[in-house]
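Okay, query34.cif now, which holds mmCIF, C-alpha atoms:
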data_protein
#
loop_
_atom_site.label_atom_id
_atom_site.label_comp_id
_atom_site.auth_asym_id
_atom_site.auth_seq_id
_atom_site.Cartn_x
_atom_site.Cartn_y
_atom_site.Cartn_z
CA MET V 869 289.77 5.21 55.59
CA LEU V 870 288.44 5.20 59.12
CA MET V 871 289.90 7.86 61.39
CA LYS V 872 292.64 6.32 63.52
CA ARG V 873 292.10 6.25 67.26
CA ARG V 874 294.91 5.75 69.73
CA GLY V 875 295.90 6.15 73.26
CA PHE V 876 295.50 5.35 77.04
CA LEU V 877 298.14 4.55 79.61
CA ARG V 878 296.35 2.13 81.89
CA SER V 879 295.43 3.78 85.21
CA ALA V 880 295.89 2.28 88.62
CA GLY V 881 292.13 2.26 89.16
CA ALA V 882 291.27 0.25 86.04
CA GLY V 883 290.12 -2.82 87.91
CA MET V 884 288.24 -1.11 90.70
CA VAL V 885 284.62 -2.02 89.99
CA ALA V 886 282.04 -2.12 92.74
CA ALA V 887 279.57 -4.95 93.20
CA ALA V 888 277.14 -5.33 90.32
CA LEU V 889 274.41 -2.68 90.23
CA PRO V 890 271.05 -3.34 88.62
CA GLY V 891 270.57 -1.58 85.29
CA LEU V 892 267.73 0.96 85.24
CA ASP V 893 266.38 2.78 82.22
CA THR V 894 266.97 6.52 82.41
CA LYS V 895 263.37 7.45 83.22
CA THR V 896 263.20 4.96 86.10
CA PHE V 897 266.61 6.06 87.33
CA ALA V 898 265.58 9.74 87.26
CA ALA V 899 262.55 8.94 89.40
CA THR V 900 264.54 6.92 91.95
CA PRO V 901 265.43 8.94 95.07
CA ALA V 902 269.10 9.80 95.52
CA ARG V 903 271.18 11.12 98.38
CA PRO V 904 271.75 14.77 97.38
CA LEU V 905 275.32 15.51 96.40
CA ARG V 906 277.17 18.73 95.65
CA LEU V 907 278.44 18.33 92.10
CA LEU V 908 280.75 20.48 90.01
CA ILE V 909 280.37 20.08 86.24
CA LEU V 910 283.17 21.42 84.08
CA GLY V 911 281.09 22.49 81.11
CA GLY V 912 277.40 21.84 81.54
CA THR V 913 275.63 23.90 78.88
CA ARG V 914 276.22 22.02 75.62
CA PHE V 915 275.04 18.54 74.63
CA ILE V 916 276.68 16.13 77.13
CA GLY V 917 276.84 18.62 79.97
CA LEU V 918 273.35 19.89 79.25
CA HIS V 919 271.80 16.44 79.64
CA MET V 920 273.92 15.63 82.69
CA THR V 921 272.82 18.88 84.29
CA GLU V 922 269.14 18.21 83.59
CA LEU V 923 269.29 14.70 85.05
CA ALA V 924 271.35 15.71 88.07
CA LEU V 925 268.82 18.42 88.90
CA ALA V 926 265.97 15.95 88.48
CA ARG V 927 267.71 13.71 91.01
CA GLY V 928 267.97 16.49 93.56
CA HIS V 929 271.69 17.21 93.41
CA ALA V 930 273.10 20.69 94.05
CA LEU V 931 275.05 21.80 90.98
CA THR V 932 277.75 24.25 90.11
CA LEU V 933 278.64 24.81 86.44
CA PHE V 934 282.11 26.03 85.49
CA ASN V 935 282.54 27.37 81.96
CA ARG V 936 283.30 30.46 79.91
CA GLY V 937 279.69 31.64 79.94
CA ARG V 938 279.34 31.78 76.16
CA THR V 939 276.60 29.27 75.34
CA ASN V 940 273.06 28.64 76.59
CA THR V 941 273.42 31.30 79.25
CA ASP V 942 269.66 31.31 79.75
CA ARG V 943 269.51 27.62 80.64
CA PHE V 944 269.32 26.56 84.28
CA PRO V 945 268.80 30.05 85.75
CA ASP V 946 268.71 28.72 89.32
CA VAL V 947 272.01 26.82 89.06
CA GLU V 948 275.21 28.36 90.39
CA ARG V 949 277.63 29.31 87.63
CA LEU V 950 281.31 30.01 87.96
CA ARG V 951 282.97 31.75 85.06
CA GLY V 952 286.47 30.79 84.07
CA ASP V 953 288.60 29.07 81.46
CA ARG V 954 290.36 25.68 81.41
CA ASN V 955 293.32 27.46 79.85
CA GLY V 956 294.58 29.52 82.76
CA ASP V 957 291.61 31.01 84.61
CA LEU V 958 290.64 28.66 87.45
CA GLN V 959 290.42 31.29 90.17
CA SER V 960 286.67 30.87 90.70
CA LEU V 961 287.27 27.22 91.72
CA ALA V 962 289.72 28.09 94.49
CA ASN V 963 288.73 27.49 98.12
CA ARG V 964 285.53 25.66 97.19
CA ASP V 965 284.60 22.05 97.92
CA TRP V 966 282.26 19.53 96.28
CA ASP V 967 281.44 15.86 96.62
CA ALA V 968 282.43 15.12 93.03
CA VAL V 969 283.48 16.77 89.79
CA ILE V 970 282.38 15.69 86.31
CA ASP V 971 284.90 16.74 83.69
CA ASN V 972 283.25 16.99 80.27
CA SER V 973 285.64 19.54 78.82
CA GLY V 974 289.17 18.20 79.24
CA TYR V 975 291.01 17.56 75.97
CA VAL V 976 294.68 17.89 76.89
CA PRO V 977 296.37 16.56 80.04
CA ARG V 978 297.51 19.99 81.18
CA GLN V 979 293.87 21.05 81.55
CA VAL V 980 293.02 18.02 83.65
CA ARG V 981 296.21 18.13 85.69
CA GLU V 982 295.76 21.78 86.66
CA VAL V 983 292.15 21.51 87.77
CA ALA V 984 292.66 18.12 89.44
CA ARG V 985 295.56 19.43 91.53
CA LEU V 986 293.48 22.43 92.56
CA LEU V 987 290.44 20.35 93.54
CA GLU V 988 291.98 17.16 94.96
CA PRO V 989 292.18 18.34 98.59
CA ARG V 990 288.52 19.42 98.56
CA VAL V 991 286.67 17.00 96.24
CA ARG V 992 286.01 13.32 96.93
CA ARG V 993 285.78 12.01 93.35
CA TYR V 994 286.96 13.04 89.88
CA LEU V 995 285.00 11.58 86.97
CA PHE V 996 286.50 12.18 83.55
CA ILE V 997 284.58 11.74 80.30
CA SER V 998 287.09 10.15 77.95
CA SER V 999 286.45 8.18 74.74
CA VAL V 1000 286.86 4.73 73.19
CA SER V 1001 289.15 6.60 70.80
CA VAL V 1002 291.92 5.93 73.31
CA TYR V 1003 292.42 2.40 71.99
CA ALA V 1004 295.45 1.81 69.79
CA SER V 1005 293.68 -0.35 67.24
CA PHE V 1006 290.24 -1.52 66.19
CA ALA V 1007 291.57 -4.49 64.24
CA THR V 1008 290.13 -6.64 67.05
CA ALA V 1009 287.52 -6.12 69.74
CA ASN V 1010 288.61 -4.02 72.72
CA ASP V 1011 287.87 -4.07 76.41
CA GLU V 1012 289.20 -1.81 79.15
CA THR V 1013 292.46 -3.79 79.34
CA SER V 1014 293.24 -3.70 75.60
CA ALA V 1015 296.54 -2.46 74.23
CA VAL V 1016 296.67 1.28 73.77
CA GLY V 1017 298.71 3.74 71.74
CA LYS V 1018 300.96 6.60 72.79
CA LEU V 1019 302.02 9.99 71.51
CA LYS V 1020 305.60 10.40 70.39
CA ASP V 1021 305.60 13.82 72.01
CA GLU V 1022 303.39 13.98 75.11
CA LYS V 1023 303.69 17.77 75.18
CA VAL V 1024 301.60 18.11 72.01
CA GLU V 1025 298.36 20.02 72.56
CA LYS V 1026 297.03 20.22 69.01
CA VAL V 1027 293.81 18.18 68.95
CA ASP V 1028 293.13 16.43 65.65
CA GLY V 1029 292.24 12.99 64.32
CA GLU V 1030 295.64 11.59 65.23
CA THR V 1031 296.05 13.14 68.67
CA TYR V 1032 292.50 13.21 70.08
CA GLY V 1033 292.57 9.66 71.46
CA PRO V 1034 296.09 9.73 72.90
CA LEU V 1035 295.44 13.10 74.52
CA LYS V 1036 292.25 11.78 76.13
CA ALA V 1037 294.33 8.86 77.38
CA LEU V 1038 296.83 11.18 79.01
CA CYS V 1039 293.94 13.10 80.56
CA GLU V 1040 292.74 9.84 82.12
CA GLN V 1041 296.20 9.19 83.44
CA ALA V 1042 296.47 12.67 84.95
CA ALA V 1043 293.15 12.34 86.79
CA SER V 1044 294.01 8.88 88.11
CA GLU V 1045 297.49 9.86 89.25
CA ILE V 1046 296.28 12.90 91.19
CA PHE V 1047 293.09 11.45 92.71
CA GLY V 1048 294.27 7.84 92.92
CA GLY V 1049 292.49 4.79 91.57
CA ALA V 1050 289.88 4.61 94.32
CA ARG V 1051 288.76 8.24 93.88
CA SER V 1052 288.93 8.55 90.09
CA THR V 1053 286.54 7.25 87.43
CA ASN V 1054 287.23 7.31 83.70
CA VAL V 1055 284.26 6.78 81.37
CA ARG V 1056 284.94 5.97 77.72
CA PRO V 1057 281.85 6.56 75.59
CA GLY V 1058 281.71 5.71 71.93
CA LEU V 1059 279.78 7.91 69.52
CA ILE V 1060 277.41 9.98 71.67
CA VAL V 1061 274.06 10.58 70.00
CA GLY V 1062 270.61 11.98 70.61
CA PRO V 1063 268.80 15.32 70.90
CA ASP V 1064 270.96 18.48 70.94
CA ASP V 1065 273.87 16.86 69.06
CA ASN V 1066 275.00 19.53 66.62
CA THR V 1067 277.72 17.35 65.10
CA ASP V 1068 275.05 15.52 63.03
CA ARG V 1069 277.07 12.30 63.14
CA PHE V 1070 273.97 10.29 64.07
CA THR V 1071 271.35 12.91 63.28
CA TYR V 1072 272.21 12.54 59.59
CA TRP V 1073 270.20 9.33 59.27
CA PRO V 1074 266.80 10.47 60.57
CA ALA V 1075 267.38 13.89 58.98
CA ARG V 1076 268.17 12.33 55.61
CA ALA V 1077 265.15 10.05 55.81
CA ALA V 1078 262.99 13.07 56.59
CA ARG V 1079 263.87 14.57 53.18
CA GLY V 1080 262.34 11.52 51.54
CA GLY V 1081 263.18 9.75 48.29
CA ARG V 1082 265.98 7.29 47.57
CA MET V 1083 268.80 7.45 50.10
CA ILE V 1084 272.16 5.71 50.02
CA ALA V 1085 272.83 3.31 52.89
CA PRO V 1086 276.24 1.71 53.53
CA GLY V 1087 277.51 -1.85 53.53
CA ASP V 1088 275.41 -4.77 54.69
CA PRO V 1089 272.30 -3.97 56.74
CA LEU V 1090 273.60 -6.48 59.31
CA ASP V 1091 276.90 -4.62 59.83
CA PRO V 1092 277.18 -3.87 63.57
CA VAL V 1093 277.36 -0.34 64.94
CA GLN V 1094 277.90 1.03 68.44
CA PHE V 1095 276.90 4.31 70.07
CA ILE V 1096 275.25 5.65 73.22
CA ASP V 1097 272.33 7.98 73.74
CA VAL V 1098 273.56 11.05 75.61
CA ARG V 1099 270.80 10.57 78.20
CA ASP V 1100 271.97 7.03 78.92
CA LEU V 1101 275.52 8.31 79.30
CA ALA V 1102 274.28 10.93 81.76
CA ALA V 1103 272.43 8.31 83.80
CA PHE V 1104 275.42 5.95 83.88
CA THR V 1105 277.76 8.75 84.90
CA LEU V 1106 275.55 9.76 87.81
CA ARG V 1107 275.12 6.14 88.92
CA LEU V 1108 278.88 5.78 89.15
CA ILE V 1109 279.19 8.96 91.20
CA GLU V 1110 276.27 8.21 93.50
CA ASN V 1111 277.61 4.72 94.20
CA GLU V 1112 281.24 5.91 94.47
CA VAL V 1113 282.47 3.51 91.80
CA GLY V 1114 286.04 3.95 90.59
CA GLY V 1115 287.78 2.50 87.56
CA VAL V 1116 287.60 2.59 83.78
CA PHE V 1117 284.44 1.84 81.80
CA ASN V 1118 283.52 1.62 78.15
CA ALA V 1119 280.11 3.29 77.83
CA ILE V 1120 278.42 2.27 74.61
CA SER V 1121 275.79 -0.12 73.28
CA SER V 1122 276.61 -3.83 73.48
CA PRO V 1123 278.34 -5.53 70.53
CA GLY V 1124 275.66 -6.75 68.14
CA GLN V 1125 272.88 -4.83 69.88
CA PHE V 1126 272.37 -2.52 66.89
CA SER V 1127 273.16 -2.76 63.18
CA ILE V 1128 273.36 -0.07 60.52
CA GLY V 1129 270.20 -1.60 59.09
CA ASP V 1130 268.46 -0.95 62.40
CA VAL V 1131 269.53 2.70 62.31
CA VAL V 1132 268.43 3.23 58.71
CA ASN V 1133 265.14 1.37 59.07
CA GLU V 1134 264.20 3.13 62.31
CA SER V 1135 265.10 6.45 60.70
CA ILE V 1136 262.84 5.72 57.73
CA ALA V 1137 259.99 4.68 60.01
CA ALA V 1138 260.39 7.80 62.16
CA ALA V 1139 260.55 10.07 59.12
CA ARG V 1140 257.38 8.63 57.62
CA GLU V 1141 255.55 9.19 60.90
CA LEU V 1142 256.96 12.53 62.04
CA ALA V 1143 258.19 14.36 58.92
CA LYS V 1144 255.76 12.90 56.37
CA PRO V 1145 257.89 13.70 53.28
CA VAL V 1146 256.07 13.95 49.95
CA VAL V 1147 258.12 11.04 48.57
CA ALA V 1148 258.54 8.23 51.10
CA PRO V 1149 262.19 7.45 51.94
CA THR V 1150 263.68 4.19 50.69
CA ALA V 1151 267.20 2.84 51.18
CA GLU V 1152 269.61 1.97 48.36
CA TRP V 1153 272.22 -0.29 49.93
CA LEU V 1154 275.72 -0.04 48.47
CA ASN V 1155 278.35 -2.53 49.58
CA ALA V 1156 281.70 -1.46 50.98
CA LYS V 1157 283.60 -2.11 47.73
CA THR V 1158 281.22 0.04 45.72
CA LEU V 1159 281.43 2.84 48.25
CA GLU V 1160 285.22 2.68 48.23
CA ALA V 1161 285.29 2.75 44.43
CA GLN V 1162 283.11 5.86 44.52
CA LYS V 1163 285.35 7.44 47.18
CA VAL V 1164 282.57 7.49 49.76
CA GLN V 1165 284.20 7.52 53.18
CA PRO V 1166 282.95 5.50 56.15
CA TRP V 1167 282.12 7.51 59.26
CA SER V 1168 282.30 10.96 57.64
CA ASP V 1169 280.22 10.41 54.49
CA MET V 1170 278.33 7.45 55.96
CA PRO V 1171 278.02 8.34 59.67
CA VAL V 1172 277.98 5.71 62.43
CA TRP V 1173 279.18 2.96 60.07
CA ALA V 1174 282.57 1.43 59.30
CA PRO V 1175 283.17 -1.76 57.29
CA SER V 1176 283.96 -4.85 59.37
CA THR V 1177 287.22 -5.43 57.51
CA GLY V 1178 290.92 -4.73 57.91
CA ASP V 1179 291.82 -2.33 60.68
CA SER V 1180 288.18 -1.71 61.59
CA VAL V 1181 287.05 -5.32 62.19
CA GLY V 1182 286.61 -4.59 65.89
CA PHE V 1183 285.34 -1.05 65.51
CA ALA V 1184 281.79 -1.94 66.63
CA SER V 1185 282.77 -4.69 69.07
CA SER V 1186 284.00 -2.89 72.18
CA SER V 1187 283.08 -4.80 75.33
CA VAL V 1188 280.69 -3.20 77.83
CA GLU V 1189 280.43 -6.07 80.30
CA ARG V 1190 282.15 -4.07 83.02
CA ALA V 1191 279.80 -1.12 82.52
CA LYS V 1192 276.72 -3.34 82.50
CA ARG V 1193 277.76 -4.78 85.85
CA ALA V 1194 277.99 -1.19 87.10
CA GLY V 1195 274.47 -0.37 85.93
CA LEU V 1196 274.75 0.80 82.30
CA ALA V 1197 271.36 0.63 80.56
CA ILE V 1198 270.74 1.39 76.87
CA ARG V 1199 267.33 2.63 75.73
CA PRO V 1200 265.51 1.28 72.65
CA LEU V 1201 266.87 2.60 69.35
CA ARG V 1202 263.37 3.65 68.30
CA GLU V 1203 263.28 6.17 71.16
CA THR V 1204 266.69 7.65 70.34
CA VAL V 1205 265.87 8.00 66.64
CA ARG V 1206 262.46 9.59 67.17
CA ASP V 1207 263.64 12.01 69.84
CA THR V 1208 266.59 13.01 67.66
CA LEU V 1209 264.33 13.62 64.67
CA ARG V 1210 261.87 15.68 66.72
CA TRP V 1211 264.76 17.83 67.90
CA HIS V 1212 266.14 18.13 64.36
CA LEU V 1213 262.80 19.19 62.89
CA ALA V 1214 262.65 22.04 65.42
CA ARG V 1215 266.11 23.38 64.49
CA PRO V 1216 266.56 26.57 62.48
CA GLU V 1217 266.13 25.94 58.76
CA ALA V 1218 269.76 26.77 57.98
CA GLU V 1219 270.95 23.99 60.30
CA ARG V 1220 268.44 21.52 58.89
CA GLN V 1221 269.46 22.25 55.32
CA LYS V 1222 273.23 21.98 55.78
CA LEU V 1223 274.28 19.10 57.99
CA LYS V 1224 277.83 18.82 59.32
CA ALA V 1225 278.16 15.09 58.57
CA GLY V 1226 277.07 12.71 55.83
CA LEU V 1227 276.72 13.07 52.08
CA THR V 1228 275.65 16.42 50.72
CA VAL V 1229 272.45 16.52 48.70
CA GLU V 1230 274.46 17.09 45.52
CA ARG V 1231 276.94 14.28 46.13
CA GLU V 1232 274.23 11.78 46.94
CA ALA V 1233 272.32 12.74 43.79
CA GLU V 1234 275.46 12.13 41.71
CA LEU V 1235 275.93 8.70 43.27
CA LEU V 1236 272.31 7.72 42.77
CA ALA V 1237 272.51 8.79 39.13
CA THR V 1238 275.68 6.74 38.64
CA ILE V 1239 274.06 3.69 40.20
CA SER V 1240 270.99 4.06 37.98
CA VAL V 1241 273.10 4.29 34.81
CA ARG V 1242 275.23 1.28 35.73
CA GLY V 1243 272.19 -0.68 36.89
#

Please go through the file and, once you have read it, give me the structure as structure tokens.
Amino acid sequence: MLMKRRGFLRSAGAGMVAAALPGLDTKTFAATPARPLRLLILGGTRFIGLHMTELALARGHALTLFNRGRTNTDRFPDVERLRGDRNGDLQSLANRDWDAVIDNSGYVPRQVREVARLLEPRVRRYLFISSVSVYASFATANDETSAVGKLKDEKVEKVDGETYGPLKALCEQAASEIFGGARSTNVRPGLIVGPDDNTDRFTYWPARAARGGRMIAPGDPLDPVQFIDVRDLAAFTLRLIENEVGGVFNAISSPGQFSIGDVVNESIAAARELAKPVVAPTAEWLNAKTLEAQKVQPWSDMPVWAPSTGDSVGFASSSVERAKRAGLAIRPLRETVRDTLRWHLARPEAERQKLKAGLTVEREAELLATISVRG
């Protein structure tokens, strides 16, 4: 079954949305002049932080990256780096001031609480990257005021499928309590996709299509899905900071904007154009009951997708009206799919051959053989 997602104690700043801002696509936004800010990014060298750093530099902001210095150390050679650790080594942040901090790397409230207390006297705004996983249930559609779940023991720091959402919720609460509603911003993205995503949760589809041949696709092609391109998340985050917007925002594609059929079909089209497999990819659609009977799991085996039934009816229906009023813009799916596939095709062969999400080659072959026999 779909991984459960829980959590968020509503913050005092949840309703603090500035006047509507016009939505701009990321390229237009990047080219629009900005008042230079001094920004601290907690993280900044992997996936989300990488794209936020690139866009912030393009917009003329002065950046400082705080991390352990273990990944992509050759990226952004002209950017100031402070070495430290969220778990106890914050000394390099002491006695420094910035206009805003973007927290991409907080997973437990202690981490957020410690750094927020240290920075609050010397930083104007704290923006925390949370998750739609904070919601208690996806049995119905959620917005930023929806009911949320809680941990039985708020001292738990083990991050897993049960605790991830509630812990993110407590992180939100910590940031809002220390910085106050007017100076804190909590952004709740859904599945974050695009180039440089090593989780393969979206990459699976264009990568699978690039192998060619018959490929299993889940449910009904019209089943809705929601996600956000990492570059659109970066642009939205910077818009909120530059316009000093506080509050809580779902950051994801609009309900009904994309379907799983759109994802599969765009992946097939991109693969035919960019990968040119010997055998053209074609989709074999299996309904939810068939997949369940074959013990094929939504989300893990069939990334991006969950059946619109039972406790996941609202899984792909989270409202983004508040974010759209604050300037959220979502790029065309075609662009996300093609850019993701181009990135994937340039990865080392070992990574291309063994994805971290989706059906394995062997498992899919078994299923296709079973379907053929029964058909």

**Request:** Pull out every residue that the PyMOL selection byres ((chain V and resi 965) around 8) matches in the shown coordinates and put them as number ranges by chain.
**Result:** V: 963-964, 966-967, 987, 990-991

Identify, on the basis of all atoms listed in the file, every residue whose closest approach to Arg906 of chain V does not exceed 12 Å; exclude the query and any residue fewer than 2 positions from it along the same chain; express the result as a PDB file with C-alpha atoms, in the frame of the given file.
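New file out-v9.pdb:
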ATOM      1  CA  ARG V 903     271.180  11.120  98.380  1.00  0.00           C
ATOM      2  CA  PRO V 904     271.750  14.770  97.380  1.00  0.00           C
ATOM      3  CA  LEU V 908     280.750  20.480  90.010  1.00  0.00           C
ATOM      4  CA  ILE V 909     280.370  20.080  86.240  1.00  0.00           C
ATOM      5  CA  ALA V 924     271.350  15.710  88.070  1.00  0.00           C
ATOM      6  CA  LEU V 925     268.820  18.420  88.900  1.00  0.00           C
ATOM      7  CA  ARG V 927     267.710  13.710  91.010  1.00  0.00           C
ATOM      8  CA  GLY V 928     267.970  16.490  93.560  1.00  0.00           C
ATOM      9  CA  HIS V 929     271.690  17.210  93.410  1.00  0.00           C
ATOM     10  CA  ALA V 930     273.100  20.690  94.050  1.00  0.00           C
ATOM     11  CA  LEU V 931     275.050  21.800  90.980  1.00  0.00           C
ATOM     12  CA  THR V 932     277.750  24.250  90.110  1.00  0.00           C
ATOM     13  CA  LEU V 933     278.640  24.810  86.440  1.00  0.00           C
ATOM     14  CA  VAL V 947     272.010  26.820  89.060  1.00  0.00           C
ATOM     15  CA  GLU V 948     275.210  28.360  90.390  1.00  0.00           C
ATOM     16  CA  ARG V 964     285.530  25.660  97.190  1.00  0.00           C
ATOM     17  CA  ASP V 965     284.600  22.050  97.920  1.00  0.00           C
ATOM     18  CA  TRP V 966     282.260  19.530  96.280  1.00  0.00           C
ATOM     19  CA  ASP V 967     281.440  15.860  96.620  1.00  0.00           C
ATOM     20  CA  ALA V 968     282.430  15.120  93.030  1.00  0.00           C
ATOM     21  CA  VAL V 969     283.480  16.770  89.790  1.00  0.00           C
ATOM     22  CA  ILE V 970     282.380  15.690  86.310  1.00  0.00           C
ATOM     23  CA  ARG V 990     288.520  19.420  98.560  1.00  0.00           C
ATOM     24  CA  VAL V 991     286.670  17.000  96.240  1.00  0.00           C
ATOM     25  CA  ARG V 992     286.010  13.320  96.930  1.00  0.00           C
ATOM     26  CA  ARG V 993     285.780  12.010  93.350  1.00  0.00           C
ATOM     27  CA  ILE V1109     279.190   8.960  91.200  1.00  0.00           C
ATOM     28  CA  GLU V1110     276.270   8.210  93.500  1.00  0.00           C
TER      29      GLU V1110
END

**Request:** Identify all residues satisfying the PyMOL selection byres ((chain V and resi 1000) around 10) in the given file; provide them as a list of chain:residue names.
**Result:** V:Arg873, V:Arg874, V:Gly875, V:Phe876, V:Ser998, V:Ser999, V:Ser1001, V:Val1002, V:Tyr1003, V:Ala1004, V:Phe1006, V:Asn1010, V:Asp1011, V:Glu1012, V:Gly1033, V:Lys1036, V:Ala1037, V:Val1055, V:Arg1056, V:Pro1057, V:Gly1058, V:Leu1059, V:Phe1117, V:Asn1118, V:Ala1119, V:Ile1120, V:Phe1183, V:Ser1186

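The shortest atom-to-atom distance to Trp1211 of chain V, with all atoms listed in the file taken into account, belongs to V:Leu1142 out of V:Ala1194, V:Leu961, V:Leu1142, V:Ala1043.
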
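Checking V:Ala1174, V:Glu1030, V:Gly1017, V:Ile1239 one by one against Gln1162 of chain V, counting only C-alpha atoms, you find the shortest gap at V:Ile1239.
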
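Minimum atom-to-atom distances from V:Gln1094, V:Thr1031, V:Ser1044, V:Thr1105 to His919 of chain V were compared using all atoms listed in the file, and the lowest value belongs to V:Thr1105.
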
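Shortest atom-to-atom contact with Gly1226 of chain V among V:Arg1107, V:Arg1069, V:Arg914, V:Arg981: V:Arg1069, counting all atoms listed in the file.
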
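For the file shown, the residue list from the PyMOL selection byres ((chain V and resi 1156) around 10) reads V:Pro1086, V:Gly1087, V:Asp1088, V:Trp1153, V:Leu1154, V:Asn1155, V:Lys1157, V:Thr1158, V:Leu1159, V:Glu1160, V:Ala1161, V:Gln1162, V:Val1164, V:Gln1165, V:Pro1166, V:Ala1174, V:Pro1175, V:Ser1176, V:Thr1177.
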
**Complete:** Min atom-atom distance to Gly1114 of chain V from the set V:Gly1080, V:Gly1048, V:Gly1062, V:Pro1216, counting all atoms listed in the file, belongs to V:Gly1048

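Checking V:Ala1009, V:Ala1015, V:Val1132, V:Leu1106 one by one against Met920 of chain V, counting all atoms listed in the file, you find the shortest gap at V:Leu1106.
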
**Prompt:** What would the list of residues within 9 Å of (278.0, -2.3, 80.6) (file frame) look like as a PyMOL selection string, if all atoms listed in the file are what count?
**Reply:** chain V and resi 891+1117-1122+1187-1198

**Request:** Pick out the residues sitting within 9 Å of Ala984 of chain V, and hand them over as a ChimeraX atom specification; count all atoms listed in the file, and ignore anything fewer than 6 positions along from it in its own chain.
**Result:** /V:994,1042-1043,1046-1047

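Separating atom CA of Asp1097 of chain V from atom CA of Asp971 of chain V is a distance of 18.3 Å.
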
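By chain and then residue number, the residues within 9 Å of Met1083 of chain V are Arg1076, Ala1077, Gly1080, Gly1081, Ala1085, Pro1149, Thr1150, Ala1151, Glu1152, Trp1153, Glu1232, Ala1233 and Leu1236 of chain V, counting all atoms listed in the file and disregarding those fewer than 2 positions away in sequence.
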
Please enclose the listed atoms of segment 1223-1228 of chain V in an axis-aligned box, pad each side by 3 Å, and write out the centre and the three edge lengths in Å, rounded to one decimal, as lines of an AutoDock Vina configuration file.
center_x = 276.2
center_y = 15.9
center_z = 55.0
size_x = 9.9
size_y = 12.4
size_z = 14.6

I want to know what sits within 10 Å of Ala1078 of chain V, based on all atoms listed in the file, with residues of the same chain fewer than 2 positions away left out; could you give that as a PDB file with C-alpha atoms, in the frame of the given file?
ATOM      1  CA  TYR V1072     272.210  12.540  59.590  1.00  0.00           C
ATOM      2  CA  TRP V1073     270.200   9.330  59.270  1.00  0.00           C
ATOM      3  CA  PRO V1074     266.800  10.470  60.570  1.00  0.00           C
ATOM      4  CA  ALA V1075     267.380  13.890  58.980  1.00  0.00           C
ATOM      5  CA  ARG V1076     268.170  12.330  55.610  1.00  0.00           C
ATOM      6  CA  GLY V1080     262.340  11.520  51.540  1.00  0.00           C
ATOM      7  CA  GLY V1081     263.180   9.750  48.290  1.00  0.00           C
ATOM      8  CA  SER V1135     265.100   6.450  60.700  1.00  0.00           C
ATOM      9  CA  ILE V1136     262.840   5.720  57.730  1.00  0.00           C
ATOM     10  CA  ALA V1137     259.990   4.680  60.010  1.00  0.00           C
ATOM     11  CA  ALA V1138     260.390   7.800  62.160  1.00  0.00           C
ATOM     12  CA  ALA V1139     260.550  10.070  59.120  1.00  0.00           C
ATOM     13  CA  ARG V1140     257.380   8.630  57.620  1.00  0.00           C
ATOM     14  CA  GLU V1141     255.550   9.190  60.900  1.00  0.00           C
ATOM     15  CA  LEU V1142     256.960  12.530  62.040  1.00  0.00           C
ATOM     16  CA  ALA V1143     258.190  14.360  58.920  1.00  0.00           C
ATOM     17  CA  LYS V1144     255.760  12.900  56.370  1.00  0.00           C
ATOM     18  CA  PRO V1145     257.890  13.700  53.280  1.00  0.00           C
ATOM     19  CA  VAL V1146     256.070  13.950  49.950  1.00  0.00           C
ATOM     20  CA  VAL V1147     258.120  11.040  48.570  1.00  0.00           C
ATOM     21  CA  ALA V1148     258.540   8.230  51.100  1.00  0.00           C
ATOM     22  CA  PRO V1149     262.190   7.450  51.940  1.00  0.00           C
ATOM     23  CA  LEU V1209     264.330  13.620  64.670  1.00  0.00           C
ATOM     24  CA  HIS V1212     266.140  18.130  64.360  1.00  0.00           C
ATOM     25  CA  LEU V1213     262.800  19.190  62.890  1.00  0.00           C
TER      26      LEU V1213
END

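Of note, atom CA of Ala1218 of chain V and atom CA of Glu1234 of chain V are spaced 22.6 Å apart.
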
**Request:** Rounded to one decimal place, report the atom CA of Val983 of chain V-atom CA of Ser1014 of chain V distance in Å.
**Result:** 28.0 Å
